[in-house]
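Asks: This is start_13.cif, which holds mmCIF, C-alpha atoms:
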```cif
data_entry
loop_
_atom_site.label_atom_id
_atom_site.label_comp_id
_atom_site.auth_asym_id
_atom_site.auth_seq_id
_atom_site.Cartn_x
_atom_site.Cartn_y
_atom_site.Cartn_z
CA MET A 586 107.28 104.51 53.43
CA SER A 587 110.78 104.39 54.95
CA ASN A 588 111.94 101.14 56.51
CA THR A 589 112.87 101.87 60.13
CA ASN A 590 115.27 98.91 60.04
CA THR A 591 117.54 100.98 57.79
CA ILE A 592 118.22 103.59 60.50
CA PHE A 593 121.90 103.91 61.30
CA THR A 594 123.03 105.55 64.54
CA GLU A 595 126.39 107.14 65.27
CA GLU A 596 127.76 109.21 68.13
CA HIS A 597 130.20 112.04 67.53
CA ASN A 598 131.84 114.81 69.50
CA ILE A 599 131.97 117.89 67.28
CA GLN A 600 132.71 120.46 70.00
CA THR A 601 129.68 119.00 71.77
CA PRO A 602 128.26 115.43 71.96
CA CYS A 603 125.97 114.65 69.01
CA LYS A 604 123.84 111.71 67.94
CA LEU A 605 123.47 111.18 64.22
CA PHE A 606 120.68 109.09 62.69
CA VAL A 607 120.71 108.24 58.99
CA VAL A 608 117.53 106.98 57.34
CA GLY A 609 117.72 105.69 53.78
CA ASP A 610 119.40 107.93 51.20
CA PRO A 611 119.35 111.37 52.88
CA GLN A 612 117.69 114.14 50.88
CA VAL A 613 117.25 116.55 53.78
CA LEU A 614 119.10 117.38 57.02
CA LEU A 615 117.33 117.72 60.37
CA ILE A 616 118.92 119.49 63.36
CA GLN A 617 117.52 119.50 66.88
CA PRO A 618 118.93 120.52 70.28
CA SER A 619 118.48 117.81 72.88
CA ALA A 620 118.63 117.62 76.65
CA ARG A 621 118.41 114.99 79.37
CA HIS A 622 114.60 115.07 79.50
CA GLU A 623 114.37 114.23 75.79
CA GLU A 624 116.47 111.11 76.32
CA LYS A 625 113.95 109.61 78.73
CA ASN A 626 112.09 106.54 77.46
CA ASP A 627 114.37 106.53 74.41
CA GLY A 628 112.51 109.59 73.15
CA VAL A 629 115.16 110.60 70.62
CA ARG A 630 115.15 107.22 68.89
CA ARG A 631 111.36 107.08 68.98
CA GLU A 632 111.16 110.48 67.33
CA VAL A 633 113.42 109.35 64.49
CA ASP A 634 111.39 106.16 64.05
CA LEU A 635 108.17 108.17 63.78
CA ILE A 636 109.61 110.57 61.20
CA ALA A 637 110.85 107.61 59.17
CA GLN A 638 107.40 106.00 59.29
CA ALA A 639 105.69 109.22 58.22
CA SER A 640 107.98 110.29 55.39
CA PRO A 641 109.15 108.41 52.29
CA THR A 642 112.10 110.81 52.04
CA GLY A 643 115.47 109.73 53.40
CA PHE A 644 117.06 112.05 55.95
CA ALA A 645 120.02 112.56 58.25
CA MET A 646 119.08 113.86 61.70
CA VAL A 647 121.48 115.11 64.33
CA PHE A 648 120.70 115.87 67.96
CA PHE A 649 123.29 118.02 69.70
CA ASP A 650 123.57 117.90 73.48
CA CYS A 651 122.55 120.98 75.47
CA VAL A 652 123.75 120.26 78.99
CA GLU A 653 122.66 123.72 80.11
CA TRP A 654 119.30 123.86 78.30
CA ALA A 655 118.30 127.46 79.10
CA ARG A 656 121.82 128.83 78.73
CA ALA A 657 122.24 127.32 75.28
CA LEU A 658 118.84 128.24 73.85
CA MET A 659 117.35 131.37 75.46
CA PRO A 660 117.78 134.37 73.12
CA TRP A 661 117.65 136.81 76.04
CA ALA A 662 117.20 136.81 79.80
CA ASP A 663 113.84 136.22 81.46
CA ASP A 664 113.63 135.60 85.20
CA ALA A 665 110.52 133.46 84.67
CA VAL A 666 112.76 130.95 82.88
CA SER A 667 115.88 131.26 85.00
CA ARG A 668 117.70 133.71 87.26
CA ASP A 669 121.06 132.38 86.08
CA ALA A 670 123.06 135.37 84.88
CA GLU A 671 124.40 133.35 81.95
CA VAL A 672 120.93 132.64 80.54
CA GLY A 673 120.23 134.87 77.55
CA ARG A 674 123.87 135.25 76.57
CA HIS A 675 124.71 132.07 74.67
CA ALA A 676 122.04 131.49 72.00
CA PRO A 677 124.31 133.24 69.43
CA ASP A 678 127.08 130.81 70.38
CA THR A 679 124.73 127.89 69.78
CA LEU A 680 123.69 129.27 66.41
CA ARG A 681 127.34 129.81 65.44
CA PHE A 682 128.07 126.20 66.33
CA ILE A 683 125.23 125.03 64.08
CA GLU A 684 126.12 127.31 61.16
CA HIS A 685 129.89 127.08 61.20
CA THR A 686 130.60 123.63 62.64
CA LEU A 687 127.65 121.26 62.63
CA LEU A 688 126.03 122.17 59.30
CA PRO A 689 129.31 122.21 57.32
CA TRP A 690 130.20 118.83 58.83
CA LEU A 691 126.83 117.40 57.78
CA ARG A 692 127.05 118.85 54.26
CA GLU A 693 130.59 117.59 53.77
CA ARG A 694 129.27 114.12 54.47
CA PHE A 695 125.83 114.21 52.82
CA GLY A 696 126.04 117.06 50.31
CA ALA A 697 124.45 120.50 50.10
CA LEU A 698 121.01 119.36 51.24
CA PRO A 699 118.23 121.57 52.63
CA CYS A 700 118.23 121.82 56.43
CA ILE A 701 115.30 121.89 58.86
CA ILE A 702 115.85 123.31 62.36
CA GLY A 703 113.43 122.22 65.05
CA GLY A 704 112.84 121.41 68.67
CA TYR A 705 110.45 121.21 71.59
CA SER A 706 109.71 123.88 74.22
CA LEU A 707 112.83 126.08 74.48
CA GLY A 708 114.12 124.12 71.49
CA GLY A 709 111.14 125.29 69.44
CA LEU A 710 111.65 128.87 70.64
CA PHE A 711 115.32 128.70 69.66
CA ALA A 712 114.43 127.34 66.21
CA LEU A 713 112.08 130.25 65.51
CA TRP A 714 114.68 132.73 66.79
CA ALA A 715 117.48 131.11 64.76
CA ALA A 716 115.47 131.30 61.52
CA ARG A 717 115.19 135.05 62.09
CA ASN A 718 118.98 135.38 62.36
CA THR A 719 120.21 133.30 59.43
CA ASP A 720 118.92 132.04 56.10
CA ALA A 721 120.63 128.67 56.62
CA PHE A 722 117.37 126.83 57.37
CA THR A 723 114.84 125.73 54.78
CA ALA A 724 112.04 125.01 57.29
CA VAL A 725 111.26 125.26 61.02
CA ALA A 726 109.61 122.59 63.19
CA ALA A 727 108.59 124.35 66.42
CA ALA A 728 106.70 122.03 68.78
CA SER A 729 105.16 123.71 71.84
CA PRO A 730 107.61 126.62 71.56
CA SER A 731 108.05 128.77 74.69
CA LEU A 732 106.80 131.96 73.05
CA TRP A 733 105.50 133.30 76.36
CA ILE A 734 108.91 134.79 77.24
CA ASN A 735 109.01 138.55 77.69
CA GLY A 736 109.37 140.52 74.48
CA TRP A 737 108.89 137.73 71.97
CA GLY A 738 105.95 139.27 70.14
CA GLU A 739 107.74 142.58 69.59
CA TYR A 740 110.94 140.84 68.51
CA ALA A 741 109.17 138.51 66.09
CA ALA A 742 107.28 141.39 64.47
CA ALA A 743 110.49 143.34 63.91
CA HIS A 744 112.53 140.36 62.65
CA PRO A 745 110.89 138.37 59.83
CA ILE A 746 111.94 134.82 59.02
CA LEU A 747 114.94 134.83 56.66
CA SER A 748 113.85 132.55 53.84
CA PRO A 749 116.77 130.83 52.07
CA GLN A 750 117.78 131.28 48.50
CA ALA A 751 118.45 127.99 46.81
CA THR A 752 118.89 126.21 43.52
CA ALA A 753 116.69 123.18 43.00
CA HIS A 754 118.29 120.19 41.28
CA HIS A 755 116.71 116.99 40.05
CA SER A 756 118.14 113.61 39.14
CA LEU A 757 116.77 110.12 38.62
CA ASN A 758 117.96 108.84 41.98
CA THR A 759 116.97 111.77 44.21
CA THR A 760 113.61 113.12 45.28
CA LEU A 761 114.90 116.57 46.21
CA GLN A 762 118.16 118.40 46.62
CA ILE A 763 118.93 122.06 47.21
CA SER A 764 122.45 123.40 46.88
CA THR A 765 124.53 126.49 46.20
CA PRO A 766 125.13 128.66 44.21
CA GLN A 767 121.80 130.18 44.98
CA HIS A 768 119.23 131.99 42.92
CA ILE A 769 115.72 130.73 43.71
CA THR A 770 114.10 132.30 46.76
CA THR A 771 112.00 129.76 48.61
CA THR A 772 109.34 130.29 51.25
CA THR A 773 110.26 128.79 54.62
CA PRO A 774 107.59 126.33 55.84
CA ILE A 775 106.88 126.73 59.55
CA HIS A 776 105.13 124.11 61.70
CA LEU A 777 103.79 125.37 65.04
CA SER A 778 102.05 123.18 67.59
CA LEU A 779 100.66 123.40 71.10
CA GLY A 780 98.88 121.21 73.61
CA ASP A 781 95.27 122.28 74.11
CA ARG A 782 95.70 122.37 77.90
CA GLU A 783 98.92 124.38 77.97
CA GLU A 784 97.14 127.74 78.20
CA HIS A 785 95.05 126.49 81.13
CA CYS A 786 97.95 126.06 83.57
CA ARG A 787 98.14 127.97 86.87
CA ASN A 788 101.33 129.89 86.09
CA GLN A 789 100.24 133.37 85.08
CA ARG A 790 103.10 133.85 82.62
CA MET A 791 102.90 130.44 80.98
CA LYS A 792 99.14 130.55 80.57
CA ARG A 793 99.69 133.28 77.95
CA ILE A 794 101.11 130.64 75.62
CA GLY A 795 97.88 130.05 73.69
CA ASP A 796 97.54 133.71 72.72
CA CYS A 797 101.28 133.94 72.01
CA VAL A 798 101.25 130.99 69.62
CA ARG A 799 98.09 132.22 67.88
CA ALA A 800 99.75 135.62 67.43
CA GLU A 801 102.90 133.99 66.04
CA HIS A 802 100.82 131.99 63.58
CA THR A 803 99.02 135.12 62.39
CA LEU A 804 102.30 137.03 62.09
CA LEU A 805 104.03 134.27 60.13
CA CYS A 806 101.08 133.99 57.76
CA GLN A 807 101.49 137.71 57.07
CA GLN A 808 105.30 137.59 56.78
CA LEU A 809 105.44 134.45 54.65
CA SER A 810 102.09 133.15 53.36
CA PRO A 811 99.12 131.30 54.89
CA THR A 812 100.02 128.17 52.92
CA ALA A 813 103.58 128.12 54.32
CA VAL A 814 102.51 128.00 57.98
CA THR A 815 100.47 125.49 59.94
CA LEU A 816 99.31 125.44 63.57
CA ARG A 817 98.53 122.03 65.04
CA TRP A 818 96.65 121.63 68.32
CA HIS A 819 97.34 118.45 70.30
CA GLU A 820 95.52 116.97 73.24
CA GLY A 821 97.24 117.49 76.57
CA GLY A 822 99.52 119.84 78.43
CA HIS A 823 103.13 120.77 77.89
CA PHE A 824 104.65 117.57 79.19
CA GLY A 825 103.93 114.35 77.38
CA ALA A 826 104.16 113.03 73.81
CA GLU A 827 107.15 115.28 73.12
CA ALA A 828 108.70 112.87 70.61
CA GLU A 829 105.37 112.41 68.81
CA ARG A 830 104.69 116.14 68.53
CA THR A 831 108.19 117.00 67.36
CA ALA A 832 108.28 114.13 64.88
CA GLU A 833 105.01 115.27 63.34
CA ALA A 834 106.41 118.79 62.95
CA PHE A 835 109.56 117.56 61.19
CA ALA A 836 107.63 115.19 58.92
CA TRP A 837 105.30 118.02 57.85
CA CYS A 838 108.30 120.23 57.04
CA ILE A 839 109.91 117.45 54.97
CA GLU A 840 106.69 117.10 52.99
CA GLN A 841 106.53 120.84 52.32
CA ILE A 842 110.12 120.92 51.06
CA ALA A 843 109.39 117.95 48.80
CA GLN A 844 106.35 119.77 47.46
CA GLN A 845 108.38 122.91 46.78
CA HIS A 846 110.84 120.79 44.82
CA LEU A 847 108.04 119.24 42.78
CA ASP A 848 106.63 122.69 42.09
CA THR A 849 109.98 123.82 40.64
CA GLN A 850 109.97 120.77 38.37
CA GLN A 851 106.23 120.70 37.59
CA PRO A 852 104.72 124.15 38.23
CA GLU A 853 101.18 122.89 37.77
CA SER A 854 101.53 119.78 39.92
CA THR A 855 98.93 119.17 42.55
CA ASN A 856 99.65 119.09 46.27
CA ILE A 857 100.99 115.94 47.88
CA GLY A 858 98.20 114.08 49.63
CA SER A 859 98.06 114.08 53.40
CA ARG A 860 100.14 111.37 55.03
CA ARG A 861 98.57 108.82 57.33
CA ASN A 862 98.76 110.17 60.89
CA ILE A 863 100.98 107.64 62.67
CA PHE A 864 101.80 109.87 65.64
CA TYR A 865 98.59 109.50 67.61
CA LYS A 866 95.99 106.77 67.77
#
```
As structure tokens - that is how I would like this structure written.
Replies:
Amino acid sequence: MSNTNTIFTEEHNIQTPCKLFVVGDPQVLLIQPSARHEEKNDGVRREVDLIAQASPTGFAMVFFDCVEWARALMPWADDAVSRDAEVGRHAPDTLRFIEHTLLPWLRERFGALPCIIGGYSLGGLFALWAARNTDAFTAVAAASPSLWINGWGEYAAAHPILSPQATAHHSLNTTLQISTPQHITTTTPIHLSLGDREEHCRNQRMKRIGDCVRAEHTLLCQQLSPTAVTLRWHEGGHFGAEAERTAEAFAWCIEQIAQQHLDTQQPESTNIGSRRNIFYK
């Protein structure tokens, strides 16, 4: 299990403020949009600590600052989210920043490692949208994603997840590494989660979230495979334990990528055993 004392933290400004956490010898990259509410109670650092405790795999994780949360992440306009005319226009800009600035910067520093995109709420929605618009991401960690926005179901059905093509490499001092040139098509693991009280809220639009997430799970199982997708139900509503839920999603994705790597090396290997659940007591 990773030693949380080995976590290094750096702050950078790569077009936008970013916080970089490095745990051990990175074998996977994690990217997550962050906002002011995720900084409360040191939530970002706590999330990294929890991932490190749950996974034996070293990783580099970057949080990039979204000052205007809805503007940066909403794929299209929805008055139930915001009446700001700029909302729904800038998600492509955010994805371009990740693909053409942030990810190349990370890979120049750490190598051509697999990348997991993830987030909470609108961050989880953005992650699922982004993975339908580029094959840059090896897995998606979508915690309590805001899939209740107008038109999501129709959009998701018409735009399957773009699974990456990658070449698996193995060496004595690495547990997994995926780089280009590419020739092995991999299945993108997707972790969905939701609080069990989220669909019992008073807001008529938001209370659809339970059915929306169930529908997304069913759709992804059809588009990818049932073994590539998981849906985790947590106790509670939408607000609370954000770091714990998101950390669990990322840790699950890391484990799936590690398993895919083992399968390329040992086709008949058995599944990795379930990790101890350190997120909730």
Asks: Evaluate the PyMOL selection byres ((chain A and resi 779) around 9) and record the selected residues as a ChimeraX atom specification, following the chain and residue labels used in the document.
Replies: /A:728-730,777-778,780-783,794-795,798,816-823,830
Asks: Those same residues, written as a PDB file, in the frame of the given file with C-alpha atoms?
Replies:
```
ATOM      1  CA  ALA A 728     106.700 122.030  68.780  1.00  0.00           C
ATOM      2  CA  SER A 729     105.160 123.710  71.840  1.00  0.00           C
ATOM      3  CA  PRO A 730     107.610 126.620  71.560  1.00  0.00           C
ATOM      4  CA  LEU A 777     103.790 125.370  65.040  1.00  0.00           C
ATOM      5  CA  SER A 778     102.050 123.180  67.590  1.00  0.00           C
ATOM      6  CA  GLY A 780      98.880 121.210  73.610  1.00  0.00           C
ATOM      7  CA  ASP A 781      95.270 122.280  74.110  1.00  0.00           C
ATOM      8  CA  ARG A 782      95.700 122.370  77.900  1.00  0.00           C
ATOM      9  CA  GLU A 783      98.920 124.380  77.970  1.00  0.00           C
ATOM     10  CA  ILE A 794     101.110 130.640  75.620  1.00  0.00           C
ATOM     11  CA  GLY A 795      97.880 130.050  73.690  1.00  0.00           C
ATOM     12  CA  VAL A 798     101.250 130.990  69.620  1.00  0.00           C
ATOM     13  CA  LEU A 816      99.310 125.440  63.570  1.00  0.00           C
ATOM     14  CA  ARG A 817      98.530 122.030  65.040  1.00  0.00           C
ATOM     15  CA  TRP A 818      96.650 121.630  68.320  1.00  0.00           C
ATOM     16  CA  HIS A 819      97.340 118.450  70.300  1.00  0.00           C
ATOM     17  CA  GLU A 820      95.520 116.970  73.240  1.00  0.00           C
ATOM     18  CA  GLY A 821      97.240 117.490  76.570  1.00  0.00           C
ATOM     19  CA  GLY A 822      99.520 119.840  78.430  1.00  0.00           C
ATOM     20  CA  HIS A 823     103.130 120.770  77.890  1.00  0.00           C
ATOM     21  CA  ARG A 830     104.690 116.140  68.530  1.00  0.00           C
TER      22      ARG A 830
END
```
Asks: The PyMOL selection byres ((chain A and resi 698-700) around 8) - which residues does that actually catch in the file I just gave you? List them as a PyMOL selection string.
Replies: chain A and resi 612-616+692+695-697+701-702+721-724+762-764
Asks: Could you tell me how far CA of Ala726 in chain A sits from CA of Gln638 in chain A, in Å to one decimal place?
Replies: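 The value is 17.2 Å.
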Asks: Hey, which of A:Met646, A:Ile592, A:Ile636, A:Ala715 ends up closest to Lys604 in chain A? Count only C-alpha atoms.
Replies: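 Looking only at the distances to Lys604 in chain A, the closest residue turns out to be A:Met646.
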Asks: As a check of understanding, name the residues that the PyMOL selection byres ((chain A and resi 620) around 12) selects in the supplied structure, as an MDAnalysis selection string.
Replies: chainID A and resid 602:604 617:619 621:625 628:629 648:658 704:708
Asks: With C-alpha atoms retained, export the selected residues as a JSON list (two decimals), keeping the file's coordinate frame.
Replies:
```json
[["chain", "number", "residue", "atom", "x", "y", "z"],
["A", 602, "PRO", "CA", 128.26, 115.43, 71.96],
["A", 603, "CYS", "CA", 125.97, 114.65, 69.01],
["A", 604, "LYS", "CA", 123.84, 111.71, 67.94],
["A", 617, "GLN", "CA", 117.52, 119.50, 66.88],
["A", 618, "PRO", "CA", 118.93, 120.52, 70.28],
["A", 619, "SER", "CA", 118.48, 117.81, 72.88],
["A", 621, "ARG", "CA", 118.41, 114.99, 79.37],
["A", 622, "HIS", "CA", 114.60, 115.07, 79.50],
["A", 623, "GLU", "CA", 114.37, 114.23, 75.79],
["A", 624, "GLU", "CA", 116.47, 111.11, 76.32],
["A", 625, "LYS", "CA", 113.95, 109.61, 78.73],
["A", 628, "GLY", "CA", 112.51, 109.59, 73.15],
["A", 629, "VAL", "CA", 115.16, 110.60, 70.62],
["A", 648, "PHE", "CA", 120.70, 115.87, 67.96],
["A", 649, "PHE", "CA", 123.29, 118.02, 69.70],
["A", 650, "ASP", "CA", 123.57, 117.90, 73.48],
["A", 651, "CYS", "CA", 122.55, 120.98, 75.47],
["A", 652, "VAL", "CA", 123.75, 120.26, 78.99],
["A", 653, "GLU", "CA", 122.66, 123.72, 80.11],
["A", 654, "TRP", "CA", 119.30, 123.86, 78.30],
["A", 655, "ALA", "CA", 118.30, 127.46, 79.10],
["A", 656, "ARG", "CA", 121.82, 128.83, 78.73],
["A", 657, "ALA", "CA", 122.24, 127.32, 75.28],
["A", 658, "LEU", "CA", 118.84, 128.24, 73.85],
["A", 704, "GLY", "CA", 112.84, 121.41, 68.67],
["A", 705, "TYR", "CA", 110.45, 121.21, 71.59],
["A", 706, "SER", "CA", 109.71, 123.88, 74.22],
["A", 707, "LEU", "CA", 112.83, 126.08, 74.48],
["A", 708, "GLY", "CA", 114.12, 124.12, 71.49]]
```
Asks: For His776 in chain A, list every protein, DNA or RNA residue within 7 Å, evaluated using all atoms listed in the file, and leave out those in the same chain fewer than 4 positions away; present the list as a VMD selection string.
Replies: chain A and resid 725 to 727 814 to 816 834 838
Asks: Would you please work out which residue, of A:Phe835, A:His846, A:Ala742, A:Ala712, is nearest to His802 in chain A when using all atoms listed in the file?
Replies: A:Ala742
Asks: Quick one: everything within 12 Å of Thr803 in chain A, counting all atoms listed in the file, minus sequence neighbours fewer than 2 positions away in the same chain. Send it as JSON, numbers by chain.
Replies: {"A": [738, 741, 742, 775, 777, 796, 797, 798, 799, 800, 801, 805, 806, 807, 808, 809, 810, 811, 812, 813, 814, 815, 816]}
Asks: Could you jot down the CA of Glu784 in chain A to CA of Ala826 in chain A separation for me, Å, one decimal place?
Replies: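 So the two atoms, CA of Glu784 in chain A and CA of Ala826 in chain A, lie 16.9 Å apart.
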Asks: Which is closest to Ala836 in chain A among A:Val633, A:Ala743, A:Arg674, A:Cys786, if we use all atoms listed in the file?
Replies: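 Smallest separation from Ala836 in chain A among the options: A:Val633.
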